[in-house]
Structures are given as C-alpha cells and as structure tokens.
Amino acid sequence: MSNKNPMIIAHRGAKGMAPENTLAAFRLGLSQGCEGIELDVHLTADEVIVVCHDLTLDRTTNGKGLIVEKGLSEIKNYDAGSWFGDDFKGETIPTLDEVFKLVPDTIMINVEVKYSYEGRMERKLVEMLRRSNRLNNVIISSFDHKCVRRIKQMEPEAKIGLLYQSNLLDPTAYAHSFDVEVYSLHPYFQLLDIEDVRKATENGLYVYPYTANEEKDLLQLSDFGVSGIITDFPGRLKALLKDRDS
Ligand code: G3P
Ligand code: MG
C-alpha cells in the first residue's frame, strides 16, 4: 500500500460532468482540483491541432465528416456542447493552443495522439510544444508506439508515454526495449497489477492507468501506488483521497 497520493488526471476534462474535450470540461476539471488533464488530438485540413477524441465530428458536434477534411474556421462553426446538455451550448472544439492558454503550466497535460496523419501530427506537435514552452509539463502518449518514438527522436526533451490495452508480460521490459527513453506507461486500468506498478516505478517509469471511475477501482489503484489516475470524475477521486488521508 502506497502513502503517496496519485496525481488526479481529468479524462478528456471532467468528462463525466461536461462535454468531453471542451474548454468547459477542462475548466470543470480544474475547479474540482485535478492536477493533470488528458485530451485527444487531431489535425485539421489547414494543419491546426484540435482537441477531439474521434476522427469525425459526428458524435460530439452538430457537424459531420472527417476533421482532417475541414479547415479550422469551418470546425469552429459547430457546437460541441449541446449534445451533452443545453447548459453547454456554444462550446466548440478547442485548438490545443487554446487549451494551453487556459490551463496553468503547473498542471500536467497528457496529449494523446490519436492519428499520425503521415507524420504531420508529430511535426506540428513538436513545433508547438517548443513554441509554447510546454515540453516540461506535457506527456505525449499514444497507442501508436512508433509515433511517440518518432516524437522523442525529433525532440529529445519530449516526455513520451505508451498506451496499451493488452496484457503485456513485462511492461517495464517492453518500455526498456525502446531505443529512446520512455517516460510513462498508460495501461488500461483493469490489466494492471501491483507487481507491474512496483517494477515500473522502481525503474523510473511513471504509471498512469486509464480510465477508472468506480470508487473501489480508484482506491485499489491508489493502493497499488500508481503515479496518477485518469478518471472522468476528478472531483470524486479528490474526495476519496481526502477521506483516505483523514
Ligand atoms: O489516454 C487514456 C485514454 O484516453 C485512452 O483511451 O479512447 O479514452 O482516448 P480513449
Ligand atoms: Mg484519450
């Protein structure tokens, strides 16, 4: 059992209570005391990095079609809040730049790259992290491990994380098999056991499981000694940790 509290990471913002990946969801996460924010990125036709989980606009906006086929000005016309609730009408898909402006640099931002767009995403992201001076408090993760490896090769100061949802025999050994430094492991939370966490953290890797929401899971992961927990309910995790510590 670990005494150190895990970092509270708001999944797509406070996704359980606000429309995912919008500024409203990030603001809510911050107001609930999150210490990190996880978000997903795609590229527009005019090569702007925007924050959205899906390749298309269909599920989370009143628009339709592939993000990569639309320019930013068109994307900004669509409502990304109403599908979740009338209170959020008028939210739009934010650019990553807008999120960087909103979120203080004391908060860790976990940028999950959903798609490489033939390497254009990696180039744009590295350029942006350098320009905005965010290399230090951003972790770039992906299920595409070759993509994060390319990012680390382009920018040695970048922190990269490996997302996975398969039952790896030895996640630490896998991370160490890379020819670049891996910063963190991002396993699906139900695949994690305490031995994986112990070995990873003893070997200098951070462990950020996703996406746990139930109290029993949040408490168990905390007891495992994970570095942070990605959750749709950052306020719930904050209250649980407070109770546990009192
Ligand atoms: O980064 C953790 C988690 O967000 C990965 O899955 O589908 O929610 O982006 P998904
Ligand atoms: Mg994600």
# chains A, B, ... in the order shown; residues from 1 in each chain; ligands from 1
call {"tool": "select_by_dssp", "arguments": {"residues": "region 78-193 of chain A", "states": "helix (DSSP H, G or I)", "output": "PyMOL selection string"}}
result
chain A and resi 86-88+96-102+120-131+135-137+145-154+171-176+189-191
call {"tool": "residues_around", "arguments": {"residues": "Phe178 (chain A)", "least_positions_apart": "4", "cutoff": "10 Å", "atoms": "only C-alpha atoms", "output": "JSON, numbers by chain"}}
result
{"A": [145, 146, 149, 173, 174, 182]}
call {"tool": "closest_residue", "arguments": {"among": "A:Glu74, A:Asp179, A:Glu127, A:Asp58", "to": "Met154 (chain A)", "atoms": "only C-alpha atoms"}}
result
A:Glu127
call {"tool": "residues_near_ligand", "arguments": {"ligand": "ligand 2", "cutoff": "7 Å", "atoms": "only C-alpha atoms and all ligand atoms", "output": "number ranges by chain"}}
result
A: 12, 38-40, 53, 112
call {"tool": "write_last_selection", "arguments": {"atoms": "C-alpha atoms", "output": "PDB file, in the first residue's frame"}}
result
ATOM      1  CA  ARG A  12     -10.968  14.471 -21.694  1.00  0.00           C
ATOM      2  CA  GLU A  38      -5.809  14.124 -20.538  1.00  0.00           C
ATOM      3  CA  LEU A  39      -7.022  15.144 -24.004  1.00  0.00           C
ATOM      4  CA  ASP A  40      -7.020  13.738 -27.543  1.00  0.00           C
ATOM      5  CA  HIS A  53     -11.460  12.127 -29.480  1.00  0.00           C
ATOM      6  CA  GLU A 112      -2.961  11.631 -26.599  1.00  0.00           C
TER       7      GLU A 112
END
call {"tool": "closest_residue", "arguments": {"among": "A:Ala10, A:Leu30, A:Ile93, A:Ala175", "to": "ligand 1", "atoms": "only C-alpha atoms and all ligand atoms"}}
result
A:Ala10
call {"tool": "residues_near_ligand", "arguments": {"ligand": "ligand 1", "cutoff": "10 Å", "atoms": "only C-alpha atoms and all ligand atoms", "output": "ChimeraX atom specification"}}
result
/A:9-12,15,20,37-41,52-54,110-114,140-143,161-165,186-189,208-211,229-232
call {"tool": "write_last_selection", "arguments": {"atoms": "N, CA and C atoms", "output": "compact mmCIF listing (two decimals), in the first residue's frame"}}
result
# COMPACT_ATOMS: atom_id res chain seq x y z
N ILE A 9 -5.97 13.00 -12.70
CA ILE A 9 -5.91 13.41 -14.11
C ILE A 9 -7.32 13.35 -14.71
N ALA A 10 -7.80 14.49 -15.16
CA ALA A 10 -9.17 14.60 -15.68
C ALA A 10 -9.21 14.09 -17.13
N HIS A 11 -9.95 12.99 -17.33
CA HIS A 11 -10.01 12.35 -18.65
C HIS A 11 -10.88 13.14 -19.62
N ARG A 12 -10.30 13.59 -20.71
CA ARG A 12 -10.97 14.47 -21.69
C ARG A 12 -11.61 15.66 -20.97
N LYS A 15 -14.96 14.61 -17.97
CA LYS A 15 -15.87 14.05 -18.98
C LYS A 15 -17.19 13.53 -18.42
N GLU A 20 -16.98 16.19 -23.24
CA GLU A 20 -15.56 15.83 -23.32
C GLU A 20 -14.76 16.74 -24.24
N ILE A 37 -4.49 16.91 -16.95
CA ILE A 37 -5.61 16.82 -17.88
C ILE A 37 -5.19 15.92 -19.03
N GLU A 38 -6.04 14.96 -19.36
CA GLU A 38 -5.81 14.12 -20.54
C GLU A 38 -6.72 14.63 -21.64
N LEU A 39 -6.21 14.73 -22.86
CA LEU A 39 -7.02 15.14 -24.00
C LEU A 39 -6.53 14.43 -25.25
N ASP A 40 -7.35 14.44 -26.29
CA ASP A 40 -7.02 13.74 -27.54
C ASP A 40 -6.89 14.75 -28.67
N VAL A 41 -5.99 14.47 -29.61
CA VAL A 41 -5.79 15.46 -30.68
C VAL A 41 -5.89 14.89 -32.09
N CYS A 52 -10.09 16.63 -29.92
CA CYS A 52 -11.31 15.85 -30.15
C CYS A 52 -10.91 14.38 -30.09
N HIS A 53 -11.79 13.55 -29.60
CA HIS A 53 -11.46 12.13 -29.48
C HIS A 53 -11.56 11.41 -30.81
N ASP A 54 -12.65 11.67 -31.55
CA ASP A 54 -12.92 10.89 -32.75
C ASP A 54 -12.26 11.51 -33.99
N ASN A 110 -1.65 15.72 -20.60
CA ASN A 110 -1.36 14.48 -21.30
C ASN A 110 -2.05 14.55 -22.67
N VAL A 111 -1.24 14.78 -23.70
CA VAL A 111 -1.77 14.88 -25.06
C VAL A 111 -1.73 13.49 -25.69
N GLU A 112 -2.91 12.94 -25.96
CA GLU A 112 -2.96 11.63 -26.60
C GLU A 112 -3.11 11.80 -28.11
N VAL A 113 -2.11 11.34 -28.84
CA VAL A 113 -2.16 11.42 -30.30
C VAL A 113 -2.96 10.25 -30.83
N LYS A 114 -4.07 10.56 -31.48
CA LYS A 114 -4.95 9.50 -31.99
C LYS A 114 -4.51 9.00 -33.36
N ILE A 140 3.25 13.17 -24.00
CA ILE A 140 2.59 12.78 -25.25
C ILE A 140 2.46 11.26 -25.24
N SER A 141 1.22 10.79 -25.31
CA SER A 141 1.01 9.35 -25.29
C SER A 141 0.26 8.93 -26.55
N SER A 142 0.35 7.63 -26.84
CA SER A 142 -0.41 7.11 -27.98
C SER A 142 -0.44 5.59 -27.90
N PHE A 143 -1.48 5.01 -28.51
CA PHE A 143 -1.48 3.56 -28.73
C PHE A 143 -0.51 3.23 -29.87
N GLY A 161 4.72 8.63 -23.52
CA GLY A 161 4.05 7.58 -22.76
C GLY A 161 3.45 6.54 -23.69
N LEU A 162 3.44 5.30 -23.22
CA LEU A 162 2.91 4.18 -24.01
C LEU A 162 1.53 3.78 -23.51
N LEU A 163 0.54 3.94 -24.36
CA LEU A 163 -0.81 3.47 -24.04
C LEU A 163 -0.93 2.02 -24.50
N TYR A 164 -1.57 1.19 -23.67
CA TYR A 164 -1.80 -0.19 -24.11
C TYR A 164 -3.00 -0.79 -23.42
N GLN A 165 -3.64 -1.70 -24.15
CA GLN A 165 -4.78 -2.41 -23.55
C GLN A 165 -4.66 -3.90 -23.80
N HIS A 186 0.86 3.83 -19.75
CA HIS A 186 -0.56 4.22 -19.63
C HIS A 186 -1.43 3.00 -19.93
N PRO A 187 -1.50 2.06 -18.98
CA PRO A 187 -2.26 0.83 -19.23
C PRO A 187 -3.75 1.00 -19.00
N TYR A 188 -4.54 0.15 -19.67
CA TYR A 188 -5.95 0.04 -19.32
C TYR A 188 -5.99 -0.45 -17.87
N PHE A 189 -6.74 0.22 -17.02
CA PHE A 189 -6.58 0.01 -15.57
C PHE A 189 -6.86 -1.42 -15.12
N TYR A 208 0.33 5.67 -15.35
CA TYR A 208 -0.93 6.42 -15.37
C TYR A 208 -2.04 5.57 -16.00
N PRO A 209 -2.69 4.70 -15.22
CA PRO A 209 -3.76 3.89 -15.80
C PRO A 209 -4.98 4.72 -16.20
N TYR A 210 -5.70 4.24 -17.23
CA TYR A 210 -6.95 4.84 -17.68
C TYR A 210 -8.03 3.76 -17.65
N THR A 211 -9.27 4.04 -17.78
CA THR A 211 -9.97 5.19 -17.22
C THR A 211 -10.78 4.63 -16.09
N ILE A 229 -4.03 8.76 -11.81
CA ILE A 229 -5.19 8.01 -12.31
C ILE A 229 -5.96 8.90 -13.28
N ILE A 230 -6.22 8.38 -14.46
CA ILE A 230 -7.02 9.10 -15.45
C ILE A 230 -8.47 8.74 -15.20
N THR A 231 -9.29 9.75 -14.88
CA THR A 231 -10.67 9.49 -14.48
C THR A 231 -11.63 10.54 -15.06
N ASP A 232 -12.86 10.08 -15.34
CA ASP A 232 -13.91 11.01 -15.82
C ASP A 232 -14.44 11.87 -14.68
call {"tool": "atom_distance", "arguments": {"atom1": "CA of Ser227 (chain A)", "atom2": "CA of Leu129 (chain A)"}}
result
23.0 Å
call {"tool": "atom_distance", "arguments": {"atom1": "CA of Ala80 (chain A)", "atom2": "CA of Thr60 (chain A)"}}
result
5.6 Å
call {"tool": "closest_residue", "arguments": {"among": "A:Ala239, A:Ile75, A:Ala45, A:Leu55", "to": "Gln32 (chain A)", "atoms": "only C-alpha atoms"}}
result
A:Ala239
call {"tool": "closest_residue", "arguments": {"among": "A:Asp46, A:Asp170, A:Asp193, A:Glu181", "to": "Gly71 (chain A)", "atoms": "only C-alpha atoms"}}
result
A:Asp46
call {"tool": "atom_distance", "arguments": {"atom1": "CA of Leu218 (chain A)", "atom2": "CA of Arg244 (chain A)"}}
result
11.4 Å
call {"tool": "residues_around", "arguments": {"residues": "Thr106 (chain A)", "least_positions_apart": "3", "cutoff": "9 Å", "atoms": "only C-alpha atoms", "output": "PyMOL selection string"}}
result
chain A and resi 35-36+103+137
call {"tool": "decode", "arguments": {"residues": "region 132-221 of chain A", "atoms": "C-alpha atoms", "output": "mmCIF file, in the first residue's frame"}}
result
data_model
loop_
_atom_site.group_PDB
_atom_site.id
_atom_site.type_symbol
_atom_site.label_atom_id
_atom_site.label_comp_id
_atom_site.auth_asym_id
_atom_site.auth_seq_id
_atom_site.Cartn_x
_atom_site.Cartn_y
_atom_site.Cartn_z
ATOM 1 C CA SER A 132 4.733 27.344 -26.227
ATOM 2 C CA ASN A 133 7.437 26.228 -23.821
ATOM 3 C CA ARG A 134 5.371 23.259 -22.668
ATOM 4 C CA LEU A 135 7.875 20.429 -23.177
ATOM 5 C CA ASN A 136 8.357 20.073 -19.471
ATOM 6 C CA ASN A 137 4.774 19.567 -18.344
ATOM 7 C CA VAL A 138 3.280 17.748 -21.328
ATOM 8 C CA ILE A 139 3.295 13.967 -21.721
ATOM 9 C CA ILE A 140 2.591 12.780 -25.247
ATOM 10 C CA SER A 141 1.010 9.345 -25.293
ATOM 11 C CA SER A 142 -0.406 7.111 -27.980
ATOM 12 C CA PHE A 143 -1.483 3.563 -28.732
ATOM 13 C CA ASP A 144 0.804 4.076 -31.761
ATOM 14 C CA HIS A 145 4.188 3.486 -30.167
ATOM 15 C CA LYS A 146 6.128 4.201 -33.345
ATOM 16 C CA CYS A 147 4.503 7.615 -33.399
ATOM 17 C CA VAL A 148 5.652 8.583 -29.887
ATOM 18 C CA ARG A 149 9.085 7.153 -30.661
ATOM 19 C CA ARG A 150 9.329 9.480 -33.690
ATOM 20 C CA ILE A 151 8.388 12.401 -31.450
ATOM 21 C CA LYS A 152 11.155 11.560 -28.984
ATOM 22 C CA GLN A 153 13.628 11.208 -31.860
ATOM 23 C CA MET A 154 12.627 14.657 -33.145
ATOM 24 C CA GLU A 155 12.688 16.296 -29.725
ATOM 25 C CA PRO A 156 14.780 14.569 -27.022
ATOM 26 C CA GLU A 157 13.218 16.717 -24.291
ATOM 27 C CA ALA A 158 9.708 15.439 -25.052
ATOM 28 C CA LYS A 159 8.161 13.103 -22.495
ATOM 29 C CA ILE A 160 6.534 10.093 -24.135
ATOM 30 C CA GLY A 161 4.049 7.581 -22.756
ATOM 31 C CA LEU A 162 2.913 4.182 -24.012
ATOM 32 C CA LEU A 163 -0.810 3.473 -24.043
ATOM 33 C CA TYR A 164 -1.798 -0.193 -24.114
ATOM 34 C CA GLN A 165 -4.777 -2.407 -23.554
ATOM 35 C CA SER A 166 -3.188 -5.812 -23.941
ATOM 36 C CA ASN A 167 -1.844 -7.921 -21.135
ATOM 37 C CA LEU A 168 1.872 -7.346 -21.638
ATOM 38 C CA LEU A 169 4.107 -9.919 -19.976
ATOM 39 C CA ASP A 170 6.525 -7.329 -18.652
ATOM 40 C CA PRO A 171 5.572 -3.695 -19.389
ATOM 41 C CA THR A 172 8.812 -2.347 -17.898
ATOM 42 C CA ALA A 173 10.964 -4.591 -20.073
ATOM 43 C CA TYR A 174 8.887 -3.551 -23.083
ATOM 44 C CA ALA A 175 9.443 0.146 -22.322
ATOM 45 C CA HIS A 176 13.146 -0.521 -21.882
ATOM 46 C CA SER A 177 13.321 -2.249 -25.257
ATOM 47 C CA PHE A 178 12.891 1.155 -26.933
ATOM 48 C CA ASP A 179 15.987 2.908 -28.290
ATOM 49 C CA VAL A 180 14.698 6.184 -26.826
ATOM 50 C CA GLU A 181 13.710 6.994 -23.254
ATOM 51 C CA VAL A 182 10.114 6.210 -22.362
ATOM 52 C CA TYR A 183 8.693 8.394 -19.592
ATOM 53 C CA SER A 184 5.481 6.639 -18.652
ATOM 54 C CA LEU A 185 3.178 3.645 -19.021
ATOM 55 C CA HIS A 186 -0.561 4.218 -19.633
ATOM 56 C CA PRO A 187 -2.256 0.826 -19.230
ATOM 57 C CA TYR A 188 -5.947 0.044 -19.315
ATOM 58 C CA PHE A 189 -6.577 0.006 -15.567
ATOM 59 C CA GLN A 190 -8.083 -3.478 -15.369
ATOM 60 C CA LEU A 191 -4.910 -5.053 -16.726
ATOM 61 C CA LEU A 192 -2.650 -3.599 -14.086
ATOM 62 C CA ASP A 193 -1.351 -5.499 -11.096
ATOM 63 C CA ILE A 194 0.714 -4.296 -8.191
ATOM 64 C CA GLU A 195 3.852 -6.080 -9.410
ATOM 65 C CA ASP A 196 3.714 -4.213 -12.735
ATOM 66 C CA VAL A 197 3.462 -0.938 -10.837
ATOM 67 C CA ARG A 198 6.248 -1.795 -8.416
ATOM 68 C CA LYS A 199 8.676 -2.840 -11.147
ATOM 69 C CA ALA A 200 7.883 0.155 -13.352
ATOM 70 C CA THR A 201 8.196 2.770 -10.634
ATOM 71 C CA GLU A 202 11.372 1.198 -9.218
ATOM 72 C CA ASN A 203 12.804 1.518 -12.708
ATOM 73 C CA GLY A 204 11.941 5.194 -13.015
ATOM 74 C CA LEU A 205 8.780 4.869 -15.093
ATOM 75 C CA TYR A 206 5.592 6.729 -14.210
ATOM 76 C CA VAL A 207 2.347 4.729 -14.353
ATOM 77 C CA TYR A 208 -0.925 6.417 -15.374
ATOM 78 C CA PRO A 209 -3.764 3.891 -15.796
ATOM 79 C CA TYR A 210 -6.951 4.841 -17.677
ATOM 80 C CA THR A 211 -9.966 5.191 -17.225
ATOM 81 C CA ALA A 212 -11.111 4.323 -13.705
ATOM 82 C CA ASN A 213 -14.296 5.798 -12.256
ATOM 83 C CA GLU A 214 -15.683 3.430 -9.616
ATOM 84 C CA GLU A 215 -14.674 4.103 -6.022
ATOM 85 C CA LYS A 216 -13.320 0.585 -5.460
ATOM 86 C CA ASP A 217 -11.108 0.846 -8.551
ATOM 87 C CA LEU A 218 -9.872 4.326 -7.680
ATOM 88 C CA LEU A 219 -8.924 3.157 -4.185
ATOM 89 C CA GLN A 220 -7.282 -0.029 -5.398
ATOM 90 C CA LEU A 221 -5.162 1.823 -7.943
#
